[in-house]
Amino acid sequence: MTTLVAPVENDVRRSERSDRIVDLVQRQGALAVLVVVVIIAAAAFPNFRGYDNAGTILIAAAPPALIALGMTFVIITGGIDLSVGSLYVLGGVVSAYASKWGFLPALLVPLALCGLVGVVNGVLIAYTRMAPFIVTLAALLGARGLMRALSNEGSTTYLVGNDGFRSFGTGSFLGIGYPVWLVAVVFVLGMVLLSRTRFGRSVYAVGGSEDAASLMGVAVRRTKVTVYVMSGLLAGLAGAINAAKLGSGVTVLGTGMELDAIAAVVIGGTLLTGGAGTIAGTIAGVLLLGVIQNMINQVGNVPSSYQQVISGAFLAVVVVAQTYLVKLRRRT
Amino acid sequence: MTTEALVRRPTFDRAWLPKYGVYAAIVLLVLYNVAFTPNFLAWSNLRIQLVQVAPIVIVALGMALVIGTEGIDLSVGSVMALAAALIPLYLGYGVIAAILVSLIAGVVVGLINGVLVARVGLQPIVATLALFVGGRGLALVISHGQLKDVRNDDLIFLGSGDFLGLPMLVWIAALLVLVVAFVVRRTVFGRRLLAVGGNRAATELAGVPVKRVLIGVYVLCAVLASIAGLLAVARIQSSDASSVGLLIELSAITAVVVGGTPLTGGKVRVLGTVAGALLMQLVIATMIKHNLQPSTTEMVQAVIILVAVYAARERKSR
Amino acid sequence: KSEDSDTPSTSGGNASAGAQVAESAAPGAKSCTLDQFGGTKIDLKTAKIGFSQSEKEANPFRIAETQSIKDEAAKLGIPAANLQATNANSQFNKQISDVEQMIDSGVQLLVIAPLNSDGWDSVFAKASAKKIPIITIDRKINADSCTDYLTFIGSDFEKQGQRAADKMAAALGNKGSVAILLGAPGNNVTTLRTKGFKDQIAKVAPEIKISFEQTGQFSREEGQKVTEQLLQSNSDINGIYAENDEMALGAEVALKGAGKAKGDVKIVSIDGTKGAVQGIVDGWISAVIESNPRFGPLAFETATKFFNGEPIPEDIIIADREYDEASAKTDLGSAY
Amino acid sequence: MPLLEVTDVNKVFPGVRALDGVTFALQPGEVHALVGENGAGKSTLIKLLTGVYQPDGGELRYRDEPARFATPMDAQRAGISTIYQEVNLVPLMSVAHNLFLGREPRSAFGLVDEKRMVREASEILVRYGVTTDVRRPLGTMALGAQQMVALARAVMVDAKVVIMDEPTSSLEPREVETLFGVIRDLHARGIGIVYVSHRLDELYQICDAVTILRDGKVVHTGRLAELERIRLVSLMLGRDMSAVRREGFTGFAGDHTGAADAPPVLKVTGLSSRHRLHDISFAVRPGEVVGLGGLLGAGRSETIKAIGGAYPVDAGEIEVGGKTLKNPTPVRAVQAGIAVQPEDRKAEGIVAGLSIRENIALAVLPRMARLGLVSDRKIDKIVDTYMTRLRIKASGPDQRVGDLSGGNQQKVLLARLLATQPRVLLLDEPTRGIDVGAKAEVQALIDELAADGLGVVLVSSDAEELVEGADRVVVLRDGAVVGELTGTNVTTEALLETIAAAAVSSEEPHDN
Ligand SMILES: Nc1ncnc2c1ncn2[C@@H]1O[C@H](COP(=O)(O)OP(=O)(O)OP(=O)(O)O)[C@@H](O)[C@H]1O
Ligand SMILES: Nc1ncnc2c1ncn2[C@@H]1O[C@H](COP(=O)(O)OP(=O)(O)OP(=O)(O)O)[C@@H](O)[C@H]1O
Ligand SMILES: [Mg+2]
Ligand SMILES: [Mg+2]
């Protein structure tokens, strides 16, 4: 086809350099805050600087990071998954149980079970138009009930019977625990999946405008089911690597984990309304929460109640700062 | 287009389930209990159920209003804890003073939430998450983490006293239900609230002070939560900031949603919310009375939530 | 009119009144010396010590426990900066990373109040690499002593349950119908206190029927709610075994609310907090088995002995006292 | 042999029969107009053709074979491309991603080839007159440009059929020309086109055949050239030709007799907002209709919103009835007597989930209440008044506004504005997307209101409407006033000339 008319300036918003910078800071706001916080922590606490301490932060962040990764996908489609905390515990329990059959079952059985719950979540949400909040709230209860049913009301802690699996959880390479490497690989895959594949594009499209996406030929339902399955799988995987690390299927975990994950994702700049967000941001969000926790411990002897006040205040400050950055971007 | 085709009332049979499903479920559950649970029909039993559900109803009322504006408030449990923590501190100045202080705490938390949502423009779930985390910590700081026994007769009367044969708690909850129903149906604030939930941009352009309405809603919700908090203190006769209102946000949201109020805003079903809370209370009571294990209770709750919400789900209309 | 409870410092510091006493170790039990453990001798006064608390200091037991550790450290002249204390806020993973972080920062002795008995593999891997002795208090960790950790100091939860059963049997005259208010599901304490109680009841008073068990989540409010429900549907109940004092106090409120008189339903519970002992004095509670939280003196004493080369037994079980109608009034002062 | 054909299809939504035994055939190389009033069933028919809905009965044939499209993707794969009525793209996604969604160019490992996509997107869009950084979010572009992206997206694939549901409702004249160019091009290549529009002149410009729907039934189908314009309208409305002839096409009667020397009821001086509005000044006298002209993106909507307090301004003064409006917010603006009808009815106008009653009363609740308690009696009275006065067709005041036809929704919105007893009405595209009948009614209403002494500001992309409706037209471009038409000068030609002249003189972008 030939050019039909002379090009005109359609771009009503002239892009400016300051605009771009703000844009960058906004998109990587969490990273910026993370860098600042790390610098402060390193200056203030000698013990923070250690290589070991970094390893500890990372290994502690590994399971929450996996959960937040799944949550990122879900939130970008405009949904939410409250069941991840329960699935995480459930995954750990069945992983420890299945470890007596070997390394692979210890990894695959929790994936299968949690993936299945993800399928149920996804199908209910995609095909019945029930609100994700409520479907996954029910799944939170259901999965926890299932975990308790499988562990004699939580009183039986299955021990990891497979030495290979156990040493996968506690061993390290270059001073960094194996689980961290695994999580790093999963994150790279997640990034590629989200930003460089058609599936990733459809995730954004569904969150940006479900109707438009469906009219543009995106398989909306399949995309939705997929993200909830992914979220379930990742929560199960998080449970499994945690079981490997702890050497047992601890049943007293995971309460409030879903809110931590949501907080990390939001701090990372992903919009809860869907349609926008990055995985790099989520990593920064998860690490930020971990570093803050670590800093509070570094201060030493902070009473538990003050710790919560500080976390809450910090959360508010970060999110408010993020919002102002976004507003700033919109205004220019 | 012609007038005839414009008359598109949903037909009765299809609209029945979403509207009255909760009530039907309650009836079914009551019938089951009458048949299989000893002493279920006793007045004392009804009384216990009402007393236990009262705090959840009170919190759920506020939650319903917030959800009506397309928001959510996770901080209600922390507000209860704050209110509870303040009571013993000010009881020395009299019950009224203590109650006032805890209500003021609710107002303050509500203002913070409201300002974060309405003015700063945070997503409600994140805005209230901060106080969900920090609020309970603050309550613990205030109470030095100590559980304190409350031996004030006036306060205890609120928690376990009777008036005209009904527990005070139930009277208070019933009164608040009426107040909230009245606010939603009859006041300018209530109508505006629904409009904000239905279409915030349009409501703003129509000249409605949207931010004020939103802040008002969050304040109201927090005040209701602090009432629930002080009533909890009155009932258990002690103030324990670490456990009062724990996880109540989930119960409240469940009650609201099971009661037929959509999370998408623009609609508030006050009686439905009460029924939703009652249904969940009856489910738990039934499980306890039949001595079932927590795992079973949780799984049954999950199924009931799904079924109730599936039945009440809005058909998509464009 | 507000009832001003004791501040933490006085309740925990009331050492002489309720100090822990270790039961003599069973002869032939496994023990551990510094040599066997492979660590190096350090001087506690200058050492860096880490203390990991499991739950918020929001109930008398935890408050007294943390305070006792801090007070004893102060008493020994350990500078406050050398005692690093963390609190896991009931989040197990946080406790694990808290402890790992303390190991990274170079602590030389760890005192841990574990949230859970299992799941300490990664901590042990890290601690044993650096030969840091771990003393676990109040809850035991399922692992090998002298390799993974040094020793456990604490109560025998199962035995507490058994003793509660004895008290219940005595209070009910060996027959009746009993309800159990369970602790938080999945908690080891819950499991053991339940097992001990049930086994012992079956043994000493088979005519006592356990007709109801529901969780009260270790909380007063839940304890009250569940008791209200159960009094309604199981009107024949004449004993309630509460697995901690908080639930017992909740049950007390529920009994009052249901119009029961003192002693209609016998309550036996475990912990020994002031409130519950007061409940015995008031006549609502029959007996309380103590679970003593004042671990400070014994923990530091054990550590000192260990670094002096003395053998340390695998388990140091403390002799918990008990309160009943006879002793409650006089012993009220030593409750925490 | 028809390319795409449905015979005797029905579609029933709960409580409404949207299509009733419709038969429709599209020949190859034909531009087929599909017309009808709001709610006649045009969009529904299109959605049936493209797999969004499944027909309740009847048969769908494509290229002479029975066909069934389960999803829009199926139809797309088979060669049926569609531009749906509301721009159906994803605003938060980049232009390039929107253009290529679902068919992104892929490199090794099946990964999306971002570079190639951006390059190709730029190349493609230039042909549609869109020269923008294709990596920026689509939502930041003007509506017209968005529509062009949708068009490019639809035509990009190797389509046999292209369906356009009101593609021009948000296009400026030049863009319409581009669109027509594309259509002629497709036409020449033998592609079948279904074209829906409420703008009748457009139909006569480019369509070959026409099918008229009324209340879900086909009332006429045939060659368009053989159908007189007035007959087309009478068929659409189901009214007598003579009645249509008598009433004319627009509802405007002509000039308003607002006192020429009365002090202005609205005076805007030096209104500026960074990047968007530059020193805008104009005045409106009572009884006068002032048009705001200009191309899409000229800043008309922003001007209106700024006056209504809903768009931040950095400088400038707004006076209503001689009193300055300080720190304008929507609340203060309404109190001062300004009523704004926003451009996007669905997003910023109606509250779809609430009833007609609630919608009309929304802005005046305090007046309908004592001590914060609303009086339903008072509300019923004004609702009644306006429903009658604006001839709102509905089953009753309790009907959900979302269930009304576009025209009636618009009237509800107007009723809400009027209920505030404003002194100035700011109307942004009051007749967009509503059918001829409703349009005429709204236009007549504007006349009536002006006659009652209100000052009216009218924004319309429909040059004819603007010129006929307004007494004066202030022309904007790039957020600045570039001219004003008064008296006999208020003509379509003069309007287009002013816009064009301004376009030439403002070629160098201003910077501030
Ligand atoms: N999803 C739906 N659910 C219920 N009713 C619907 C739905 N879609 C359309 N309708 C109804 O079907 C009828 C036909 O609507 P349709 O959108 O096809 O009209 P249209 O001719 O495209 O009108 P317009 O010119 O306003 O776009 C209308 O009464 C409309 O309200
Ligand atoms: N500063 C801005 N930032 C982002 N988008 C903008 C900005 N300015 C304008 N736009 C976009 O440009 C589009 C066209 O602008 P606008 O609506 O002001 O044009 P208009 O002259 O009012 O035209 P009409 O009212 O006919 O649509 C709008 O959809 C808006 O989203
Ligand atoms: Mg249409
Ligand atoms: Mg506009």
# chains A, B, ... in the order shown; residues from 1 in each chain; ligands from 1
call {"tool": "interface_residues", "arguments": {"of": "chain B", "to": "chain A", "cutoff": "8 Å", "atoms": "only C-alpha atoms", "output": "PyMOL selection string"}}
result
chain B and resi 116+120-123+126-127+129-138+140-141+145+254+257+263+293-303+305-306+309-310+313
call {"tool": "residues_near_ligand", "arguments": {"ligand": "ligand 2", "cutoff": "8 Å", "atoms": "only C-alpha atoms and all ligand atoms", "output": "tab-separated table (two decimals) with C-alpha atoms, in the first residue's frame"}}
result
chain	number	residue	atom	x	y	z
A	12	VAL	CA	0.21	15.17	21.18
A	13	ARG	CA	2.65	14.70	23.99
A	330	ARG	CA	1.71	11.79	34.18
A	331	ARG	CA	1.89	15.50	34.75
A	332	THR	CA	4.78	16.18	32.46
D	139	GLY	CA	-3.18	5.53	25.46
D	140	THR	CA	-1.02	8.62	25.17
D	141	MET	CA	-1.99	9.12	21.55
D	142	ALA	CA	-4.94	11.03	20.25
D	143	LEU	CA	-8.11	9.04	19.78
D	144	GLY	CA	-7.98	9.48	16.02
D	170	SER	CA	-13.55	9.98	16.49
D	172	GLU	CA	-10.83	14.32	12.14
D	275	HIS	CA	2.14	21.68	27.41
D	276	ARG	CA	-1.56	21.54	26.64
D	293	GLY	CA	-13.74	24.08	16.69
D	294	GLY	CA	-10.54	22.34	15.81
D	295	LEU	CA	-9.06	19.02	15.00
D	296	LEU	CA	-8.85	16.15	17.37
D	297	GLY	CA	-6.24	16.84	19.97
D	298	ALA	CA	-6.65	20.56	19.58
D	299	GLY	CA	-7.33	20.82	23.27
D	300	ARG	CA	-11.06	21.38	23.21
D	301	SER	CA	-11.79	18.70	25.76
D	302	GLU	CA	-9.05	19.97	28.02
D	303	THR	CA	-10.39	23.50	27.75
D	343	GLU	CA	-16.69	13.62	25.98
D	428	ASP	CA	-18.27	17.97	24.64
D	429	GLU	CA	-19.46	15.97	21.66
D	459	VAL	CA	-17.65	21.00	21.04
D	460	SER	CA	-18.25	18.84	18.03
D	461	SER	CA	-16.12	17.09	15.48
D	476	LEU	CA	-8.33	25.94	18.62
D	477	ARG	CA	-5.17	24.30	17.55
D	479	GLY	CA	-4.12	24.20	22.77
call {"tool": "closest_residue", "arguments": {"among": "D:Val22, D:Ala67, D:Ile124, D:Ala225", "to": "chain A", "atoms": "only C-alpha atoms"}}
result
D:Ile124
call {"tool": "interface_residues", "arguments": {"of": "chain C", "to": "chain A", "cutoff": "8 Å", "atoms": "only C-alpha atoms", "output": "ChimeraX atom specification"}}
result
/C:56-57,84-89,91-94,97-98,100-101,104-105,116,118-122,125,185-188,191
call {"tool": "write_last_selection", "arguments": {"atoms": "N, CA and C atoms", "output": "compact mmCIF listing (two decimals), in the first residue's frame"}}
result
# COMPACT_ATOMS: atom_id res chain seq x y z
N LYS C 56 5.95 -13.20 69.19
CA LYS C 56 5.90 -11.85 69.73
C LYS C 56 5.88 -11.88 71.25
N GLU C 57 6.53 -10.90 71.85
CA GLU C 57 6.43 -10.81 73.30
C GLU C 57 5.08 -10.22 73.64
N GLN C 84 22.59 -10.15 71.04
CA GLN C 84 21.72 -9.78 69.92
C GLN C 84 20.43 -10.58 70.03
N ALA C 85 19.31 -9.88 70.09
CA ALA C 85 18.04 -10.60 70.22
C ALA C 85 17.17 -10.34 69.00
N THR C 86 16.58 -11.39 68.49
CA THR C 86 15.66 -11.23 67.36
C THR C 86 14.33 -11.85 67.74
N ASN C 87 13.31 -11.47 67.01
CA ASN C 87 12.00 -12.06 67.26
C ASN C 87 11.37 -12.42 65.93
N ALA C 88 10.92 -13.66 65.82
CA ALA C 88 10.43 -14.14 64.52
C ALA C 88 8.97 -13.81 64.28
N ASN C 89 8.30 -13.21 65.26
CA ASN C 89 6.89 -12.87 65.06
C ASN C 89 6.07 -14.05 64.57
N GLN C 91 6.75 -16.25 62.55
CA GLN C 91 6.99 -16.69 61.17
C GLN C 91 8.24 -17.55 61.15
N PHE C 92 8.03 -18.81 60.84
CA PHE C 92 9.13 -19.75 60.99
C PHE C 92 10.31 -19.40 60.09
N ASN C 93 10.00 -19.07 58.84
CA ASN C 93 11.11 -18.75 57.94
C ASN C 93 11.90 -17.55 58.42
N LYS C 94 11.20 -16.64 59.08
CA LYS C 94 11.91 -15.48 59.60
C LYS C 94 12.85 -15.92 60.71
N SER C 97 15.98 -17.31 59.14
CA SER C 97 16.92 -16.33 58.60
C SER C 97 17.45 -15.41 59.70
N ASP C 98 16.65 -15.18 60.74
CA ASP C 98 17.17 -14.43 61.89
C ASP C 98 18.42 -15.12 62.43
N GLU C 100 20.29 -17.42 61.03
CA GLU C 100 21.39 -17.45 60.06
C GLU C 100 22.11 -16.11 60.02
N GLN C 101 21.33 -15.07 60.11
CA GLN C 101 21.95 -13.75 60.09
C GLN C 101 22.84 -13.54 61.32
N ASP C 104 26.02 -15.28 60.74
CA ASP C 104 26.86 -14.47 59.85
C ASP C 104 27.56 -13.36 60.62
N SER C 105 26.84 -12.78 61.55
CA SER C 105 27.40 -11.61 62.21
C SER C 105 28.36 -12.02 63.32
N ASN C 116 9.32 -24.14 65.99
CA ASN C 116 8.91 -25.46 65.53
C ASN C 116 10.05 -26.43 65.79
N ASP C 118 10.94 -29.08 64.02
CA ASP C 118 11.63 -29.56 62.83
C ASP C 118 11.96 -28.39 61.92
N GLY C 119 12.82 -28.63 60.97
CA GLY C 119 13.07 -27.63 59.95
C GLY C 119 14.32 -26.81 60.22
N TRP C 120 15.24 -27.36 60.99
CA TRP C 120 16.41 -26.56 61.33
C TRP C 120 17.65 -26.96 60.56
N ASP C 121 17.49 -27.76 59.52
CA ASP C 121 18.64 -28.28 58.78
C ASP C 121 19.62 -27.21 58.35
N SER C 122 19.10 -26.18 57.71
CA SER C 122 20.01 -25.20 57.13
C SER C 122 20.75 -24.44 58.23
N ALA C 125 23.48 -26.71 59.51
CA ALA C 125 24.59 -26.79 58.56
C ALA C 125 25.52 -25.60 58.76
N PRO C 185 -3.22 -25.57 65.93
CA PRO C 185 -2.96 -26.82 65.23
C PRO C 185 -1.56 -26.83 64.63
N GLY C 186 -0.91 -27.96 64.68
CA GLY C 186 0.40 -28.08 64.07
C GLY C 186 1.53 -27.74 65.01
N ASN C 187 1.20 -27.14 66.13
CA ASN C 187 2.22 -26.77 67.09
C ASN C 187 2.66 -27.99 67.89
N ASN C 188 3.98 -28.17 68.11
CA ASN C 188 4.45 -29.34 68.85
C ASN C 188 3.90 -29.37 70.25
N THR C 191 0.55 -30.84 70.24
CA THR C 191 0.59 -32.28 70.01
C THR C 191 0.97 -33.03 71.28
call {"tool": "residues_around", "arguments": {"residues": "range 163-177 of chain C", "least_positions_apart": "5", "cutoff": "7 Å", "atoms": "only C-alpha atoms", "output": "count of residues only"}}
result
18
call {"tool": "residues_near_ligand", "arguments": {"ligand": "ligand 3", "cutoff": "8 Å", "atoms": "only C-alpha atoms and all ligand atoms", "output": "mmCIF file with C-alpha atoms, in the first residue's frame"}}
result
data_model
loop_
_atom_site.group_PDB
_atom_site.id
_atom_site.type_symbol
_atom_site.label_atom_id
_atom_site.label_comp_id
_atom_site.auth_asym_id
_atom_site.auth_seq_id
_atom_site.Cartn_x
_atom_site.Cartn_y
_atom_site.Cartn_z
ATOM 1 C CA ASN D 38 -28.962 3.194 18.229
ATOM 2 C CA GLY D 39 -29.675 -0.276 19.418
ATOM 3 C CA GLY D 41 -28.595 -4.359 16.215
ATOM 4 C CA LYS D 42 -25.712 -3.313 13.982
ATOM 5 C CA SER D 43 -22.951 -4.089 16.440
ATOM 6 C CA THR D 44 -24.645 -7.304 17.431
ATOM 7 C CA GLN D 85 -17.122 0.209 17.706
ATOM 8 C CA ASP D 165 -18.139 -0.394 13.177
ATOM 9 C CA GLU D 166 -18.345 3.402 13.311
#
call {"tool": "closest_residue", "arguments": {"among": "C:Asn292, C:Asn234, C:Ser117, C:Thr151", "to": "chain B", "atoms": "only C-alpha atoms"}}
result
C:Asn234
call {"tool": "residues_around", "arguments": {"residues": "Ile248 in chain B", "least_positions_apart": "6", "cutoff": "10 Å", "atoms": "only C-alpha atoms", "output": "list in words"}}
result
Pro55, Ile56, Val59, Ala60, Leu74, Ser75, Val76, Gly77, Ser78, Met80, Ala225 and Thr254 of chain B
call {"tool": "residues_near_ligand", "arguments": {"ligand": "ligand 1", "cutoff": "9 Å", "atoms": "only C-alpha atoms and all ligand atoms", "output": "PyMOL selection string"}}
result
(chain B and resi 1+5-6+8+316-318) or (chain D and resi 11-19+34-47+53+85+165-166+196-198+213-216+402-407+433-435)
call {"tool": "select_by_dssp", "arguments": {"residues": "range 157-306 of chain B", "states": "alpha helix (DSSP H)", "output": "PyMOL selection string"}}
result
chain B and resi 157-160+168-186+188-198+200-205+210-236+248-258+270-289+294-306
call {"tool": "residues_around", "arguments": {"residues": "range 71-82 of chain C", "least_positions_apart": "3", "cutoff": "7 Å", "atoms": "only C-alpha atoms", "output": "mmCIF file with N, CA and C atoms, in the first residue's frame"}}
result
data_model
loop_
_atom_site.group_PDB
_atom_site.id
_atom_site.type_symbol
_atom_site.label_atom_id
_atom_site.label_comp_id
_atom_site.auth_asym_id
_atom_site.auth_seq_id
_atom_site.Cartn_x
_atom_site.Cartn_y
_atom_site.Cartn_z
ATOM 1 N N GLY C 13 11.763 -10.658 86.475
ATOM 2 C CA GLY C 13 12.906 -10.534 87.374
ATOM 3 C C GLY C 13 12.664 -11.143 88.740
ATOM 4 N N LYS C 45 31.576 -13.425 79.163
ATOM 5 C CA LYS C 45 31.465 -11.987 79.446
ATOM 6 C C LYS C 45 31.816 -11.130 78.238
ATOM 7 N N THR C 46 32.652 -11.684 77.375
ATOM 8 C CA THR C 46 33.049 -10.882 76.221
ATOM 9 C C THR C 46 32.517 -11.467 74.916
ATOM 10 N N ALA C 47 31.822 -12.588 75.029
ATOM 11 C CA ALA C 47 31.378 -13.266 73.807
ATOM 12 C C ALA C 47 30.168 -12.555 73.202
ATOM 13 N N LYS C 48 30.021 -12.798 71.920
ATOM 14 C CA LYS C 48 28.785 -12.325 71.280
ATOM 15 C C LYS C 48 27.758 -13.450 71.352
ATOM 16 N N ILE C 49 26.599 -13.115 71.855
ATOM 17 C CA ILE C 49 25.585 -14.133 72.072
ATOM 18 C C ILE C 49 24.331 -13.752 71.299
ATOM 19 N N GLN C 67 12.650 -11.650 78.878
ATOM 20 C CA GLN C 67 13.159 -10.797 79.936
ATOM 21 C C GLN C 67 14.177 -11.537 80.798
ATOM 22 N N SER C 68 13.872 -12.783 81.057
ATOM 23 C CA SER C 68 14.765 -13.574 81.902
ATOM 24 C C SER C 68 16.144 -13.730 81.261
ATOM 25 N N GLY C 296 16.678 -17.836 81.680
ATOM 26 C CA GLY C 296 17.948 -17.123 81.711
ATOM 27 C C GLY C 296 19.011 -17.786 82.571
ATOM 28 N N PRO C 297 18.782 -17.892 83.868
ATOM 29 C CA PRO C 297 19.831 -18.409 84.752
ATOM 30 C C PRO C 297 20.321 -19.791 84.325
#
call {"tool": "interface_residues", "arguments": {"of": "chain B", "to": "chain C", "cutoff": "9 Å", "atoms": "only C-alpha atoms", "output": "number ranges by chain"}}
result
B: 37-40, 42, 44-45, 48-49, 52, 87-94, 140, 144-152, 160, 232, 235-238, 240-244, 285, 288-294
call {"tool": "select_by_dssp", "arguments": {"residues": "range 61-276 of chain A", "states": "strand (DSSP E)", "output": "ChimeraX atom specification"}}
result
/A:172-173,176-177
call {"tool": "residues_around", "arguments": {"residues": "Ile112 in chain B", "least_positions_apart": "6", "cutoff": "10 Å", "atoms": "only C-alpha atoms", "output": "number ranges by chain"}}
result
B: 106, 118, 127-128, 131, 215, 218-219
call {"tool": "write_last_selection", "arguments": {"atoms": "all heavy atoms", "output": "short mmCIF file (atom, residue, chain, number, x, y, z; two decimals), in the first residue's frame"}}
result
data_model
loop_
_atom_site.label_atom_id
_atom_site.label_comp_id
_atom_site.auth_asym_id
_atom_site.auth_seq_id
_atom_site.Cartn_x
_atom_site.Cartn_y
_atom_site.Cartn_z
N GLY B 106 -9.89 5.00 65.94
CA GLY B 106 -10.51 4.54 64.69
C GLY B 106 -10.57 5.67 63.68
O GLY B 106 -10.23 5.51 62.51
N ALA B 118 -7.81 8.40 48.81
CA ALA B 118 -8.49 9.46 48.06
C ALA B 118 -7.52 10.52 47.54
O ALA B 118 -7.64 10.96 46.41
CB ALA B 118 -9.55 10.11 48.94
N ALA B 127 -2.90 0.59 50.35
CA ALA B 127 -2.97 1.67 51.33
C ALA B 127 -3.27 1.11 52.71
O ALA B 127 -2.67 1.51 53.71
CB ALA B 127 -4.05 2.67 50.93
N THR B 128 -4.19 0.15 52.76
CA THR B 128 -4.58 -0.37 54.06
C THR B 128 -3.64 -1.46 54.55
O THR B 128 -3.65 -1.81 55.72
CB THR B 128 -6.03 -0.90 54.01
OG1 THR B 128 -6.12 -1.86 52.98
CG2 THR B 128 -6.99 0.23 53.74
N LEU B 131 -1.24 -0.13 57.29
CA LEU B 131 -1.76 -0.10 58.65
C LEU B 131 -2.11 -1.49 59.16
O LEU B 131 -2.12 -1.73 60.36
CB LEU B 131 -2.96 0.82 58.74
CG LEU B 131 -2.51 2.24 59.02
CD1 LEU B 131 -3.57 3.24 58.68
CD2 LEU B 131 -2.10 2.38 60.49
N ILE B 215 -12.90 9.48 52.02
CA ILE B 215 -12.31 9.57 53.35
C ILE B 215 -13.36 9.23 54.39
O ILE B 215 -13.12 8.48 55.34
CB ILE B 215 -11.72 10.99 53.58
CG1 ILE B 215 -10.52 11.19 52.65
CG2 ILE B 215 -11.29 11.17 55.03
CD1 ILE B 215 -9.91 12.57 52.67
N TYR B 218 -13.82 5.46 54.67
CA TYR B 218 -12.77 4.75 55.40
C TYR B 218 -12.82 5.09 56.89
O TYR B 218 -12.55 4.23 57.73
CB TYR B 218 -11.39 5.05 54.79
CG TYR B 218 -11.16 4.26 53.53
CD1 TYR B 218 -11.54 4.76 52.29
CD2 TYR B 218 -10.64 2.97 53.59
CE1 TYR B 218 -11.39 4.01 51.14
CE2 TYR B 218 -10.48 2.22 52.44
CZ TYR B 218 -10.85 2.74 51.21
OH TYR B 218 -10.72 1.99 50.08
N VAL B 219 -13.18 6.31 57.20
CA VAL B 219 -13.32 6.66 58.62
C VAL B 219 -14.45 5.85 59.24
O VAL B 219 -14.30 5.25 60.31
CB VAL B 219 -13.56 8.17 58.79
CG1 VAL B 219 -13.99 8.49 60.21
CG2 VAL B 219 -12.31 8.95 58.43
#
call {"tool": "residues_around", "arguments": {"residues": "range 89-99 of chain D", "least_positions_apart": "3", "cutoff": "7 Å", "atoms": "only C-alpha atoms", "output": "VMD selection string"}}
result
(chain A and resid 205 208 to 209 212 275 to 276) or (chain D and resid 117 to 118 121 134 to 139 149 153)
